Amino acid sequence: RNKNPNEVILVMFDIPKLYNSKRDWIRFHLKNMNFIQLQKSVWCSNNILPKDFIDDIKKHDLFSYVHILSVNKKGSISDWLNNKNNQLFK
């Protein structure tokens, strides 16, 4: 689990079709770590990524194709638009 319950970890990847088995590999592991698939190559969770997973990404030569973001505010566009204290929109 993440230390901050409001923080979401996003994992996004753009792995060439040539490496289809590696795309399947990363999806399999993200699913096993209880990440939720938002799009085919965009996954999110409140869980911290294990160091072993990051090491495996390097070992599979996927480092340049995978992006990991930490997000501290989440919601749909409707949620954001309905929030009067929203600092994102003016």
# chains A, B, ... in the order shown; residues from 1 in each chain; ligands from 1
>>> residues_around(residues="A:Ser45", least_positions_apart="4", cutoff="6 Å", atoms="only C-alpha atoms", output="number ranges by chain")
A: 8-9, 35
>>> residues_around(residues="stretch 60-68 of chain A", least_positions_apart="3", cutoff="6 Å", atoms="only C-alpha atoms", output="compact mmCIF listing (two decimals) with N, CA, C and O atoms, in the first residue's frame")
# COMPACT_ATOMS: atom_id res chain seq x y z
N LEU A 10 0.39 5.86 -11.47
CA LEU A 10 0.01 5.56 -12.86
C LEU A 10 1.21 4.94 -13.55
O LEU A 10 2.32 5.46 -13.45
N VAL A 11 0.97 3.84 -14.24
CA VAL A 11 2.00 3.21 -15.07
C VAL A 11 1.47 3.25 -16.49
O VAL A 11 0.38 2.75 -16.78
N MET A 12 2.24 3.88 -17.36
CA MET A 12 1.87 3.99 -18.77
C MET A 12 3.01 3.43 -19.59
O MET A 12 4.18 3.62 -19.24
N PHE A 13 2.66 2.76 -20.67
CA PHE A 13 3.73 2.24 -21.52
C PHE A 13 3.32 2.31 -22.98
O PHE A 13 2.15 2.28 -23.32
N ASP A 14 4.34 2.45 -23.82
CA ASP A 14 4.16 2.48 -25.27
C ASP A 14 5.24 1.56 -25.84
O ASP A 14 6.27 2.01 -26.33
N ILE A 15 4.98 0.27 -25.74
CA ILE A 15 5.92 -0.75 -26.17
C ILE A 15 5.58 -1.14 -27.61
O ILE A 15 4.43 -1.46 -27.90
N ILE A 57 11.76 -4.55 -15.28
CA ILE A 57 11.55 -3.66 -16.43
C ILE A 57 12.89 -3.36 -17.09
O ILE A 57 13.02 -3.40 -18.31
>>> select_by_dssp(residues="stretch 8-63 of chain A", states="alpha helix (DSSP H)", output="ChimeraX atom specification")
/A:20-32,51-59
>>> atom_distance(atom1="atom CA of A:Ser70", atom2="atom CA of A:Trp43")
11.9 Å
>>> atom_distance(atom1="atom CA of A:Asn72", atom2="atom CA of A:Lys22")
29.0 Å
>>> residues_around(residues="A:Glu7", least_positions_apart="2", cutoff="6 Å", atoms="only C-alpha atoms", output="PyMOL selection string")
chain A and resi 4-5+71-72
>>> write_last_selection(atoms="N, CA, C and O atoms", output="PDB file, in the first residue's frame")
ATOM      1  N   ASN A   4       0.557   7.450   1.294  1.00  0.00           N
ATOM      2  CA  ASN A   4      -0.477   8.478   1.178  1.00  0.00           C
ATOM      3  C   ASN A   4      -1.694   7.867   0.485  1.00  0.00           C
ATOM      4  O   ASN A   4      -1.638   7.552  -0.696  1.00  0.00           O
ATOM      5  N   PRO A   5      -2.824   7.709   1.194  1.00  0.00           N
ATOM      6  CA  PRO A   5      -3.992   7.055   0.595  1.00  0.00           C
ATOM      7  C   PRO A   5      -4.598   7.827  -0.581  1.00  0.00           C
ATOM      8  O   PRO A   5      -5.320   7.259  -1.391  1.00  0.00           O
ATOM      9  N   VAL A  71       0.330  10.619  -8.672  1.00  0.00           N
ATOM     10  CA  VAL A  71      -0.717  11.637  -8.774  1.00  0.00           C
ATOM     11  C   VAL A  71      -1.354  11.797  -7.396  1.00  0.00           C
ATOM     12  O   VAL A  71      -1.723  10.807  -6.771  1.00  0.00           O
ATOM     13  N   ASN A  72      -1.476  13.044  -6.928  1.00  0.00           N
ATOM     14  CA  ASN A  72      -2.056  13.220  -5.604  1.00  0.00           C
ATOM     15  C   ASN A  72      -3.492  13.722  -5.625  1.00  0.00           C
ATOM     16  O   ASN A  72      -4.098  13.901  -4.587  1.00  0.00           O
TER      17      ASN A  72
END
>>> residues_around(residues="A:Arg27", least_positions_apart="3", cutoff="9 Å", atoms="only C-alpha atoms", output="ChimeraX atom specification")
/A:22-24,30-32,37,40-41,43
>>> atom_distance(atom1="atom CA of A:Asn83", atom2="atom CA of A:Val42")
25.3 Å
>>> closest_residue(among="A:His29, A:Leu81, A:Asn6, A:Asn20", to="A:Ile54", atoms="only C-alpha atoms")
A:His29
>>> closest_residue(among="A:Pro16, A:Ser76, A:Phe53, A:Asn46", to="A:Phe28", atoms="only C-alpha atoms")
A:Phe53
>>> select_by_dssp(residues="chain A", states="strand (DSSP E)", output="list in words")
Val8, Ile9, Leu10, Val11, Met12, Phe13, Ile36, Gln37, Leu38, Gln39, Val42, Trp43, Cys44, Ser45, Val66, His67, Ile68, Leu69, Ser70 and Val71 of chain A
>>> decode(residues="stretch 61-76 of chain A", atoms="all heavy atoms", output="PDB file, in the first residue's frame")
ATOM      1  N   ASP A  61      14.630  -4.724 -20.911  1.00  0.00           N
ATOM      2  CA  ASP A  61      14.912  -3.599 -21.826  1.00  0.00           C
ATOM      3  C   ASP A  61      13.663  -2.785 -22.146  1.00  0.00           C
ATOM      4  O   ASP A  61      13.449  -2.372 -23.291  1.00  0.00           O
ATOM      5  CB  ASP A  61      15.563  -4.098 -23.120  1.00  0.00           C
ATOM      6  CG  ASP A  61      16.936  -4.691 -22.890  1.00  0.00           C
ATOM      7  OD1 ASP A  61      17.683  -4.144 -22.056  1.00  0.00           O
ATOM      8  OD2 ASP A  61      17.259  -5.720 -23.527  1.00  0.00           O
ATOM      9  N   LEU A  62      12.857  -2.530 -21.131  1.00  0.00           N
ATOM     10  CA  LEU A  62      11.615  -1.771 -21.326  1.00  0.00           C
ATOM     11  C   LEU A  62      11.678  -0.377 -20.701  1.00  0.00           C
ATOM     12  O   LEU A  62      10.708   0.368 -20.774  1.00  0.00           O
ATOM     13  CB  LEU A  62      10.429  -2.536 -20.716  1.00  0.00           C
ATOM     14  CG  LEU A  62      10.089  -3.871 -21.355  1.00  0.00           C
ATOM     15  CD1 LEU A  62       8.997  -4.572 -20.567  1.00  0.00           C
ATOM     16  CD2 LEU A  62       9.654  -3.664 -22.796  1.00  0.00           C
ATOM     17  N   PHE A  63      12.805  -0.057 -20.116  1.00  0.00           N
ATOM     18  CA  PHE A  63      12.909   1.183 -19.355  1.00  0.00           C
ATOM     19  C   PHE A  63      12.499   2.415 -20.166  1.00  0.00           C
ATOM     20  O   PHE A  63      11.822   3.302 -19.654  1.00  0.00           O
ATOM     21  CB  PHE A  63      14.333   1.326 -18.825  1.00  0.00           C
ATOM     22  CG  PHE A  63      14.398   1.942 -17.465  1.00  0.00           C
ATOM     23  CD1 PHE A  63      13.810   1.326 -16.385  1.00  0.00           C
ATOM     24  CD2 PHE A  63      15.069   3.134 -17.270  1.00  0.00           C
ATOM     25  CE1 PHE A  63      13.872   1.886 -15.128  1.00  0.00           C
ATOM     26  CE2 PHE A  63      15.141   3.702 -16.012  1.00  0.00           C
ATOM     27  CZ  PHE A  63      14.541   3.076 -14.945  1.00  0.00           C
ATOM     28  N   SER A  64      12.878   2.479 -21.410  1.00  0.00           N
ATOM     29  CA  SER A  64      12.574   3.668 -22.219  1.00  0.00           C
ATOM     30  C   SER A  64      11.116   3.710 -22.692  1.00  0.00           C
ATOM     31  O   SER A  64      10.663   4.732 -23.191  1.00  0.00           O
ATOM     32  CB  SER A  64      13.514   3.748 -23.423  1.00  0.00           C
ATOM     33  OG  SER A  64      13.311   2.639 -24.268  1.00  0.00           O
ATOM     34  N   TYR A  65      10.374   2.616 -22.510  1.00  0.00           N
ATOM     35  CA  TYR A  65       8.983   2.545 -22.972  1.00  0.00           C
ATOM     36  C   TYR A  65       7.961   2.724 -21.846  1.00  0.00           C
ATOM     37  O   TYR A  65       6.766   2.835 -22.103  1.00  0.00           O
ATOM     38  CB  TYR A  65       8.700   1.199 -23.638  1.00  0.00           C
ATOM     39  CG  TYR A  65       9.606   0.880 -24.798  1.00  0.00           C
ATOM     40  CD1 TYR A  65      10.491  -0.193 -24.730  1.00  0.00           C
ATOM     41  CD2 TYR A  65       9.585   1.635 -25.954  1.00  0.00           C
ATOM     42  CE1 TYR A  65      11.319  -0.502 -25.794  1.00  0.00           C
ATOM     43  CE2 TYR A  65      10.417   1.341 -27.018  1.00  0.00           C
ATOM     44  CZ  TYR A  65      11.278   0.269 -26.931  1.00  0.00           C
ATOM     45  OH  TYR A  65      12.105  -0.032 -27.986  1.00  0.00           O
ATOM     46  N   VAL A  66       8.422   2.711 -20.597  1.00  0.00           N
ATOM     47  CA  VAL A  66       7.513   2.721 -19.456  1.00  0.00           C
ATOM     48  C   VAL A  66       7.663   4.043 -18.689  1.00  0.00           C
ATOM     49  O   VAL A  66       8.774   4.484 -18.417  1.00  0.00           O
ATOM     50  CB  VAL A  66       7.801   1.529 -18.509  1.00  0.00           C
ATOM     51  CG1 VAL A  66       6.872   1.563 -17.300  1.00  0.00           C
ATOM     52  CG2 VAL A  66       7.652   0.210 -19.256  1.00  0.00           C
ATOM     53  N   HIS A  67       6.526   4.652 -18.354  1.00  0.00           N
ATOM     54  CA  HIS A  67       6.504   5.898 -17.590  1.00  0.00           C
ATOM     55  C   HIS A  67       5.677   5.673 -16.335  1.00  0.00           C
ATOM     56  O   HIS A  67       4.593   5.089 -16.390  1.00  0.00           O
ATOM     57  CB  HIS A  67       5.906   7.028 -18.420  1.00  0.00           C
ATOM     58  CG  HIS A  67       6.626   7.237 -19.706  1.00  0.00           C
ATOM     59  ND1 HIS A  67       7.785   7.968 -19.797  1.00  0.00           N
ATOM     60  CD2 HIS A  67       6.377   6.773 -20.953  1.00  0.00           C
ATOM     61  CE1 HIS A  67       8.212   7.955 -21.043  1.00  0.00           C
ATOM     62  NE2 HIS A  67       7.381   7.231 -21.762  1.00  0.00           N
ATOM     63  N   ILE A  68       6.193   6.145 -15.212  1.00  0.00           N
ATOM     64  CA  ILE A  68       5.518   5.980 -13.933  1.00  0.00           C
ATOM     65  C   ILE A  68       5.305   7.371 -13.334  1.00  0.00           C
ATOM     66  O   ILE A  68       6.242   8.163 -13.235  1.00  0.00           O
ATOM     67  CB  ILE A  68       6.351   5.105 -12.979  1.00  0.00           C
ATOM     68  CG1 ILE A  68       6.554   3.717 -13.604  1.00  0.00           C
ATOM     69  CG2 ILE A  68       5.663   4.993 -11.617  1.00  0.00           C
ATOM     70  CD1 ILE A  68       7.584   2.865 -12.901  1.00  0.00           C
ATOM     71  N   LEU A  69       4.065   7.650 -12.963  1.00  0.00           N
ATOM     72  CA  LEU A  69       3.713   8.939 -12.378  1.00  0.00           C
ATOM     73  C   LEU A  69       3.056   8.736 -11.029  1.00  0.00           C
ATOM     74  O   LEU A  69       2.328   7.755 -10.832  1.00  0.00           O
ATOM     75  CB  LEU A  69       2.734   9.703 -13.274  1.00  0.00           C
ATOM     76  CG  LEU A  69       3.160   9.990 -14.705  1.00  0.00           C
ATOM     77  CD1 LEU A  69       2.002  10.558 -15.484  1.00  0.00           C
ATOM     78  CD2 LEU A  69       4.325  10.949 -14.713  1.00  0.00           C
ATOM     79  N   SER A  70       3.259   9.673 -10.143  1.00  0.00           N
ATOM     80  CA  SER A  70       2.569   9.702  -8.867  1.00  0.00           C
ATOM     81  C   SER A  70       1.602  10.882  -8.916  1.00  0.00           C
ATOM     82  O   SER A  70       2.011  12.017  -9.173  1.00  0.00           O
ATOM     83  CB  SER A  70       3.590   9.880  -7.744  1.00  0.00           C
ATOM     84  OG  SER A  70       2.931  10.082  -6.536  1.00  0.00           O
ATOM     85  N   VAL A  71       0.330  10.619  -8.672  1.00  0.00           N
ATOM     86  CA  VAL A  71      -0.717  11.637  -8.774  1.00  0.00           C
ATOM     87  C   VAL A  71      -1.354  11.797  -7.396  1.00  0.00           C
ATOM     88  O   VAL A  71      -1.723  10.807  -6.771  1.00  0.00           O
ATOM     89  CB  VAL A  71      -1.781  11.205  -9.812  1.00  0.00           C
ATOM     90  CG1 VAL A  71      -2.890  12.239  -9.915  1.00  0.00           C
ATOM     91  CG2 VAL A  71      -1.141  10.951 -11.162  1.00  0.00           C
ATOM     92  N   ASN A  72      -1.476  13.044  -6.928  1.00  0.00           N
ATOM     93  CA  ASN A  72      -2.056  13.220  -5.604  1.00  0.00           C
ATOM     94  C   ASN A  72      -3.492  13.722  -5.625  1.00  0.00           C
ATOM     95  O   ASN A  72      -4.098  13.901  -4.587  1.00  0.00           O
ATOM     96  CB  ASN A  72      -1.177  14.123  -4.729  1.00  0.00           C
ATOM     97  CG  ASN A  72      -1.070  15.525  -5.266  1.00  0.00           C
ATOM     98  OD1 ASN A  72      -1.753  15.896  -6.190  1.00  0.00           O
ATOM     99  ND2 ASN A  72      -0.186  16.297  -4.688  1.00  0.00           N
ATOM    100  N   LYS A  73      -4.051  13.978  -6.805  1.00  0.00           N
ATOM    101  CA  LYS A  73      -5.470  14.322  -6.932  1.00  0.00           C
ATOM    102  C   LYS A  73      -6.028  13.541  -8.104  1.00  0.00           C
ATOM    103  O   LYS A  73      -5.412  13.465  -9.150  1.00  0.00           O
ATOM    104  CB  LYS A  73      -5.656  15.817  -7.159  1.00  0.00           C
ATOM    105  CG  LYS A  73      -5.251  16.641  -5.966  1.00  0.00           C
ATOM    106  CD  LYS A  73      -5.636  18.079  -6.133  1.00  0.00           C
ATOM    107  CE  LYS A  73      -5.153  18.834  -4.910  1.00  0.00           C
ATOM    108  NZ  LYS A  73      -5.756  20.133  -4.799  1.00  0.00           N
ATOM    109  N   LYS A  74      -7.209  12.964  -7.900  1.00  0.00           N
ATOM    110  CA  LYS A  74      -7.789  12.159  -8.957  1.00  0.00           C
ATOM    111  C   LYS A  74      -9.270  12.472  -9.099  1.00  0.00           C
ATOM    112  O   LYS A  74      -9.869  13.077  -8.227  1.00  0.00           O
ATOM    113  CB  LYS A  74      -7.583  10.670  -8.668  1.00  0.00           C
ATOM    114  CG  LYS A  74      -8.234  10.213  -7.381  1.00  0.00           C
ATOM    115  CD  LYS A  74      -7.967   8.757  -7.120  1.00  0.00           C
ATOM    116  CE  LYS A  74      -8.594   8.357  -5.788  1.00  0.00           C
ATOM    117  NZ  LYS A  74      -8.420   6.956  -5.496  1.00  0.00           N
ATOM    118  N   GLY A  75      -9.837  12.037 -10.203  1.00  0.00           N
ATOM    119  CA  GLY A  75     -11.263  12.219 -10.452  1.00  0.00           C
ATOM    120  C   GLY A  75     -11.525  12.423 -11.925  1.00  0.00           C
ATOM    121  O   GLY A  75     -10.616  12.579 -12.725  1.00  0.00           O
ATOM    122  N   SER A  76     -12.787  12.434 -12.260  1.00  0.00           N
ATOM    123  CA  SER A  76     -13.190  12.669 -13.644  1.00  0.00           C
ATOM    124  C   SER A  76     -13.236  14.172 -13.913  1.00  0.00           C
ATOM    125  O   SER A  76     -13.162  14.985 -12.989  1.00  0.00           O
ATOM    126  CB  SER A  76     -14.568  12.048 -13.904  1.00  0.00           C
ATOM    127  OG  SER A  76     -15.553  12.755 -13.163  1.00  0.00           O
TER     128      SER A  76
END
